[in-house]
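Single-structure report; data block below.
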Amino acid sequence: MNTSDESSRQRRYLNVAQDLLLAITNGEYVAGERLPAHTDIAAKYQVSRPTAREAFLALELVGAIEVRHGDGTFVRRAARVGGTEGSPLDVPPRELIETRLSIEPVAASLAATRITPERISTLEGYLDRQAELVEDPNGIAEFVALGLQFHSDLAPGCGNSILSGIIEQLVNIESHPLWVLVNQQGLPDPASRQVQVDEHRAVLKAIRGGDPISAAEAMRNHLGHLDRAIFMNGGGSRA
């Protein structure tokens with residue numbers, strides 16, 4: 001499959017997944033309700049049945065639905081942001097990245113002088129696995145999850161429990177499922193996935209080197225790139 005075909009396929013199934021997620025959040029499909037079959041969803045959105053199946057798999061990944069084999073696909077209890085009564089879509093992806101831009105560079109700066117060798121080793125493992133998945137179009141979901149896990153597990157390295165707790169919440173898959181889908185849609189080809197790995201490695205290199213200024217700058221560049229790519233150019237994300 002060439003790059004344009006892969007990108008088009010991803011746009012189709014993720015557009016369907018995002019629309020279904022919004023319908024779930026708005027109460028069109030309530031917790032415990034069975035969703036229409038793949039064939040019905042495919043007809044509604046004028047996509048192929050495999051595309052509808054991929055949309056369901058994306059929603060299963062973020063915990064919005066569950067498959068009961070032999071019985072169908074059902075809506076799970078909706079995730080709540082920060083334990084509030086709001087839905088996960090009450091916090092738009094643009095607000096999430098703005099907040100992350102404000103605080104993650106600070107956390108990276110602190111981590112450069114406080115992180116443990118054990119945590120650095122864990123983070124390196126995530127990046128090594130991401131690198132293995134760069135060329136695998138079927139591994140995008142895992143690739144995105146590893147990227148978010150990198151940010152989540154880097155946060156406690158700053159040595160500030162309040163700051164790290166906020167960051168961990170911001171990149172939590174269950175709290176912000178739409179964010180995960182946006183990230184998947186923004187990684188259409190191996191080149192974009194390689195850029196993410198390179199940016200993450202730049203952040204970790206500065207932290208490992210004990211350079212707070214470079215660590216903050218590398219994180220700011222990474223998240224700024226993400227902001228511009230998704231919300232200004234409509235291109236690929238890097239988070």
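So you can find residues: chains in the structure tokens are A, B, ... in the order shown, residues in each start at 1, and ligands are numbered from 1 in order.
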Fill in: Residues near Glu142 in chain A, cut-off 10 Å, only C-alpha atoms, skip fewer than 2 positions along chain, as a ChimeraX atom specification
/A:61,129-130,133,138-140,144-148,184
Worksheet entry | Spatial neighbours of range 49-53 of chain A, max dist 10 Å, only C-alpha atoms, sep filter under 2 positions, as a PyMOL selection string | chain A and resi 9-14+16-17+37-47+55-59
Restricting the output to N, CA, C and O atoms, write the selected residues as an mmCIF file, in the first residue's frame.
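And here's again-v9.cif as it stands now:
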```cif
data_model
loop_
_atom_site.group_PDB
_atom_site.id
_atom_site.type_symbol
_atom_site.label_atom_id
_atom_site.label_comp_id
_atom_site.auth_asym_id
_atom_site.auth_seq_id
_atom_site.Cartn_x
_atom_site.Cartn_y
_atom_site.Cartn_z
ATOM 1 N N ARG A 9 -7.015 5.615 3.825
ATOM 2 C CA ARG A 9 -7.698 4.576 4.605
ATOM 3 C C ARG A 9 -7.824 4.990 6.064
ATOM 4 O O ARG A 9 -8.884 4.834 6.666
ATOM 5 N N GLN A 10 -6.740 5.548 6.610
ATOM 6 C CA GLN A 10 -6.781 5.978 8.002
ATOM 7 C C GLN A 10 -7.803 7.094 8.212
ATOM 8 O O GLN A 10 -8.539 7.089 9.189
ATOM 9 N N ARG A 11 -7.843 8.046 7.288
ATOM 10 C CA ARG A 11 -8.803 9.140 7.428
ATOM 11 C C ARG A 11 -10.223 8.617 7.456
ATOM 12 O O ARG A 11 -11.050 9.075 8.243
ATOM 13 N N ARG A 12 -10.510 7.637 6.600
ATOM 14 C CA ARG A 12 -11.876 7.114 6.525
ATOM 15 C C ARG A 12 -12.288 6.442 7.830
ATOM 16 O O ARG A 12 -13.330 6.743 8.404
ATOM 17 N N TYR A 13 -11.480 5.503 8.314
ATOM 18 C CA TYR A 13 -11.923 4.768 9.499
ATOM 19 C C TYR A 13 -11.872 5.624 10.756
ATOM 20 O O TYR A 13 -12.715 5.478 11.657
ATOM 21 N N LEU A 14 -10.918 6.564 10.827
ATOM 22 C CA LEU A 14 -10.861 7.411 12.012
ATOM 23 C C LEU A 14 -11.957 8.474 12.003
ATOM 24 O O LEU A 14 -12.458 8.859 13.060
ATOM 25 N N VAL A 16 -14.949 7.877 10.869
ATOM 26 C CA VAL A 16 -16.098 7.114 11.355
ATOM 27 C C VAL A 16 -15.998 6.918 12.866
ATOM 28 O O VAL A 16 -16.975 7.109 13.596
ATOM 29 N N ALA A 17 -14.797 6.565 13.352
ATOM 30 C CA ALA A 17 -14.606 6.341 14.788
ATOM 31 C C ALA A 17 -14.883 7.615 15.581
ATOM 32 O O ALA A 17 -15.540 7.586 16.625
ATOM 33 N N ALA A 37 -24.466 -3.177 13.554
ATOM 34 C CA ALA A 37 -23.451 -4.089 13.011
ATOM 35 C C ALA A 37 -22.520 -3.350 12.057
ATOM 36 O O ALA A 37 -22.833 -2.255 11.573
ATOM 37 N N HIS A 38 -21.365 -3.959 11.797
ATOM 38 C CA HIS A 38 -20.393 -3.360 10.875
ATOM 39 C C HIS A 38 -21.030 -3.012 9.535
ATOM 40 O O HIS A 38 -20.757 -1.947 8.960
ATOM 41 N N THR A 39 -21.886 -3.924 9.034
ATOM 42 C CA THR A 39 -22.501 -3.691 7.728
ATOM 43 C C THR A 39 -23.403 -2.464 7.757
ATOM 44 O O THR A 39 -23.455 -1.699 6.788
ATOM 45 N N ASP A 40 -24.119 -2.259 8.858
ATOM 46 C CA ASP A 40 -25.007 -1.098 8.965
ATOM 47 C C ASP A 40 -24.210 0.199 9.064
ATOM 48 O O ASP A 40 -24.577 1.221 8.472
ATOM 49 N N ILE A 41 -23.129 0.165 9.846
ATOM 50 C CA ILE A 41 -22.275 1.355 9.970
ATOM 51 C C ILE A 41 -21.621 1.670 8.629
ATOM 52 O O ILE A 41 -21.522 2.833 8.218
ATOM 53 N N ALA A 42 -21.180 0.629 7.924
ATOM 54 C CA ALA A 42 -20.561 0.831 6.617
ATOM 55 C C ALA A 42 -21.534 1.503 5.655
ATOM 56 O O ALA A 42 -21.164 2.427 4.911
ATOM 57 N N ALA A 43 -22.797 1.053 5.674
ATOM 58 C CA ALA A 43 -23.804 1.648 4.789
ATOM 59 C C ALA A 43 -24.109 3.088 5.193
ATOM 60 O O ALA A 43 -24.238 3.970 4.330
ATOM 61 N N LYS A 44 -24.187 3.352 6.491
ATOM 62 C CA LYS A 44 -24.511 4.697 6.969
ATOM 63 C C LYS A 44 -23.448 5.704 6.550
ATOM 64 O O LYS A 44 -23.763 6.825 6.141
ATOM 65 N N TYR A 45 -22.182 5.308 6.659
ATOM 66 C CA TYR A 45 -21.090 6.239 6.374
ATOM 67 C C TYR A 45 -20.517 6.073 4.966
ATOM 68 O O TYR A 45 -19.563 6.756 4.608
ATOM 69 N N GLN A 46 -21.111 5.169 4.203
ATOM 70 C CA GLN A 46 -20.681 4.931 2.825
ATOM 71 C C GLN A 46 -19.195 4.580 2.755
ATOM 72 O O GLN A 46 -18.416 5.166 1.999
ATOM 73 N N VAL A 47 -18.820 3.617 3.604
ATOM 74 C CA VAL A 47 -17.462 3.093 3.603
ATOM 75 C C VAL A 47 -17.537 1.582 3.472
ATOM 76 O O VAL A 47 -18.613 0.984 3.535
ATOM 77 N N ALA A 55 -12.821 1.036 12.380
ATOM 78 C CA ALA A 55 -13.343 2.101 13.248
ATOM 79 C C ALA A 55 -13.749 1.519 14.599
ATOM 80 O O ALA A 55 -13.470 2.104 15.652
ATOM 81 N N PHE A 56 -14.375 0.342 14.571
ATOM 82 C CA PHE A 56 -14.758 -0.318 15.820
ATOM 83 C C PHE A 56 -13.519 -0.703 16.624
ATOM 84 O O PHE A 56 -13.504 -0.577 17.852
ATOM 85 N N LEU A 57 -12.483 -1.175 15.941
ATOM 86 C CA LEU A 57 -11.252 -1.551 16.636
ATOM 87 C C LEU A 57 -10.610 -0.337 17.309
ATOM 88 O O LEU A 57 -10.088 -0.426 18.420
ATOM 89 N N ALA A 58 -10.663 0.821 16.646
ATOM 90 C CA ALA A 58 -10.110 2.044 17.233
ATOM 91 C C ALA A 58 -10.892 2.430 18.487
ATOM 92 O O ALA A 58 -10.311 2.818 19.509
ATOM 93 N N LEU A 59 -12.206 2.300 18.435
ATOM 94 C CA LEU A 59 -13.032 2.631 19.601
ATOM 95 C C LEU A 59 -12.819 1.634 20.733
ATOM 96 O O LEU A 59 -12.862 1.999 21.912
#
```
Worksheet item: Residues at most 6 Å from Ser109 in chain A, counting only C-alpha atoms, excluding those fewer than 3 positions away in the same chain, as a ChimeraX atom specification?
Response: /A:106,112,212,215-216
Saved selection, atoms kept: N, CA and C atoms, as a compact mmCIF listing (two decimals), in the first residue's frame:
```txt
# COMPACT_ATOMS: atom_id res chain seq x y z
N VAL A 106 8.31 22.36 31.39
CA VAL A 106 8.75 22.57 32.78
C VAL A 106 9.10 21.24 33.42
N ALA A 112 15.50 16.67 34.08
CA ALA A 112 16.92 16.63 33.70
C ALA A 112 17.85 16.57 34.90
N PRO A 212 18.78 20.98 31.72
CA PRO A 212 17.39 21.44 31.87
C PRO A 212 16.92 22.34 30.73
N ALA A 215 16.42 20.28 27.58
CA ALA A 215 15.28 19.37 27.77
C ALA A 215 13.97 20.10 27.57
N ALA A 216 13.86 21.28 28.17
CA ALA A 216 12.63 22.07 28.02
C ALA A 216 12.44 22.48 26.57
```
Worksheet item: Do you know which residues are at most 9 Å from Val134 in chain A counting only C-alpha atoms, after dropping those on the same chain fewer than 2 positions away, and could you put them as a ChimeraX atom specification?
Response: /A:130-132,136-137,139-140,143,189-194,197
Worksheet item: If you count only C-alpha atoms, which residues fall within 12 Å of Tyr29 in chain A, apart from same-chain ones fewer than 4 positions away, as JSON, numbers by chain?
Response: {"A": [19, 20, 21, 22, 23, 24, 25, 33, 34, 35, 36, 64, 65, 73, 74, 75, 76, 77, 78]}
Mind writing the picked residues with N, CA and C atoms as a CSV table (one decimal), in the first residue's frame?
```
chain,number,residue,atom,x,y,z
A,19,ASP,N,-16.8,10.1,14.7
A,19,ASP,CA,-18.2,10.4,14.7
A,19,ASP,C,-19.0,9.6,15.7
A,20,LEU,N,-18.7,8.3,15.7
A,20,LEU,CA,-19.3,7.4,16.6
A,20,LEU,C,-19.0,7.7,18.1
A,21,LEU,N,-17.8,8.1,18.3
A,21,LEU,CA,-17.4,8.5,19.7
A,21,LEU,C,-18.2,9.7,20.1
A,22,LEU,N,-18.4,10.7,19.2
A,22,LEU,CA,-19.2,11.9,19.5
A,22,LEU,C,-20.6,11.5,19.8
A,23,ALA,N,-21.2,10.5,19.0
A,23,ALA,CA,-22.5,10.1,19.2
A,23,ALA,C,-22.7,9.4,20.6
A,24,ILE,N,-21.7,8.6,21.0
A,24,ILE,CA,-21.7,8.0,22.3
A,24,ILE,C,-21.7,9.0,23.4
A,25,THR,N,-20.8,10.0,23.2
A,25,THR,CA,-20.7,11.1,24.3
A,25,THR,C,-22.0,11.9,24.4
A,33,GLU,N,-25.7,-0.2,25.6
A,33,GLU,CA,-26.5,-0.4,24.3
A,33,GLU,C,-25.7,-1.0,23.3
A,34,ARG,N,-26.3,-1.9,22.5
A,34,ARG,CA,-25.6,-2.5,21.4
A,34,ARG,C,-25.5,-1.6,20.2
A,35,LEU,N,-24.3,-1.5,19.6
A,35,LEU,CA,-24.1,-0.7,18.4
A,35,LEU,C,-24.6,-1.4,17.2
A,36,PRO,N,-24.9,-0.7,16.1
A,36,PRO,CA,-25.3,-1.3,14.9
A,36,PRO,C,-24.1,-2.2,14.4
A,64,ALA,N,-14.0,2.8,24.5
A,64,ALA,CA,-15.4,3.3,24.3
A,64,ALA,C,-16.4,2.2,24.1
A,65,ILE,N,-16.0,1.1,23.6
A,65,ILE,CA,-16.9,0.0,23.3
A,65,ILE,C,-16.2,-1.3,23.8
A,73,THR,N,-21.4,-5.8,19.7
A,73,THR,CA,-20.6,-4.7,20.3
A,73,THR,C,-21.4,-3.8,21.1
A,74,PHE,N,-20.9,-3.4,22.3
A,74,PHE,CA,-21.7,-2.6,23.2
A,74,PHE,C,-20.9,-1.4,23.7
A,75,VAL,N,-21.7,-0.4,24.0
A,75,VAL,CA,-21.1,0.8,24.5
A,75,VAL,C,-20.7,0.6,26.0
A,76,ARG,N,-19.5,1.0,26.3
A,76,ARG,CA,-19.0,0.9,27.7
A,76,ARG,C,-19.4,2.2,28.4
A,77,ARG,N,-19.3,2.2,29.8
A,77,ARG,CA,-19.5,3.4,30.5
A,77,ARG,C,-18.5,4.4,30.1
A,78,ALA,N,-19.0,5.6,29.8
A,78,ALA,CA,-18.2,6.7,29.3
A,78,ALA,C,-17.1,7.1,30.3
```
Practice prompt. Please provide the set of residues having any atom within 12 Å of Gly210 in chain A, restricted to only C-alpha atoms, with same-chain residues fewer than 6 positions apart removed, written as a PyMOL selection string.
Written response: chain A and resi 108-117+120+203-204+216
Practice prompt. Name the residues of range 34-146 of chain A that fall into alpha helix (DSSP H) according to DSSP on the backbone, using the chain letters and numbers of this document, as an MDAnalysis selection string.
Written response: chainID A and resid 38:45 49:61 93:114 117:133 140:146
Worksheet item: Taking into account only C-alpha atoms, which residue in the set A:Val62, A:Met219, A:Leu163, A:Ala31 is nearest to Val180 in chain A?
Response: A:Val62
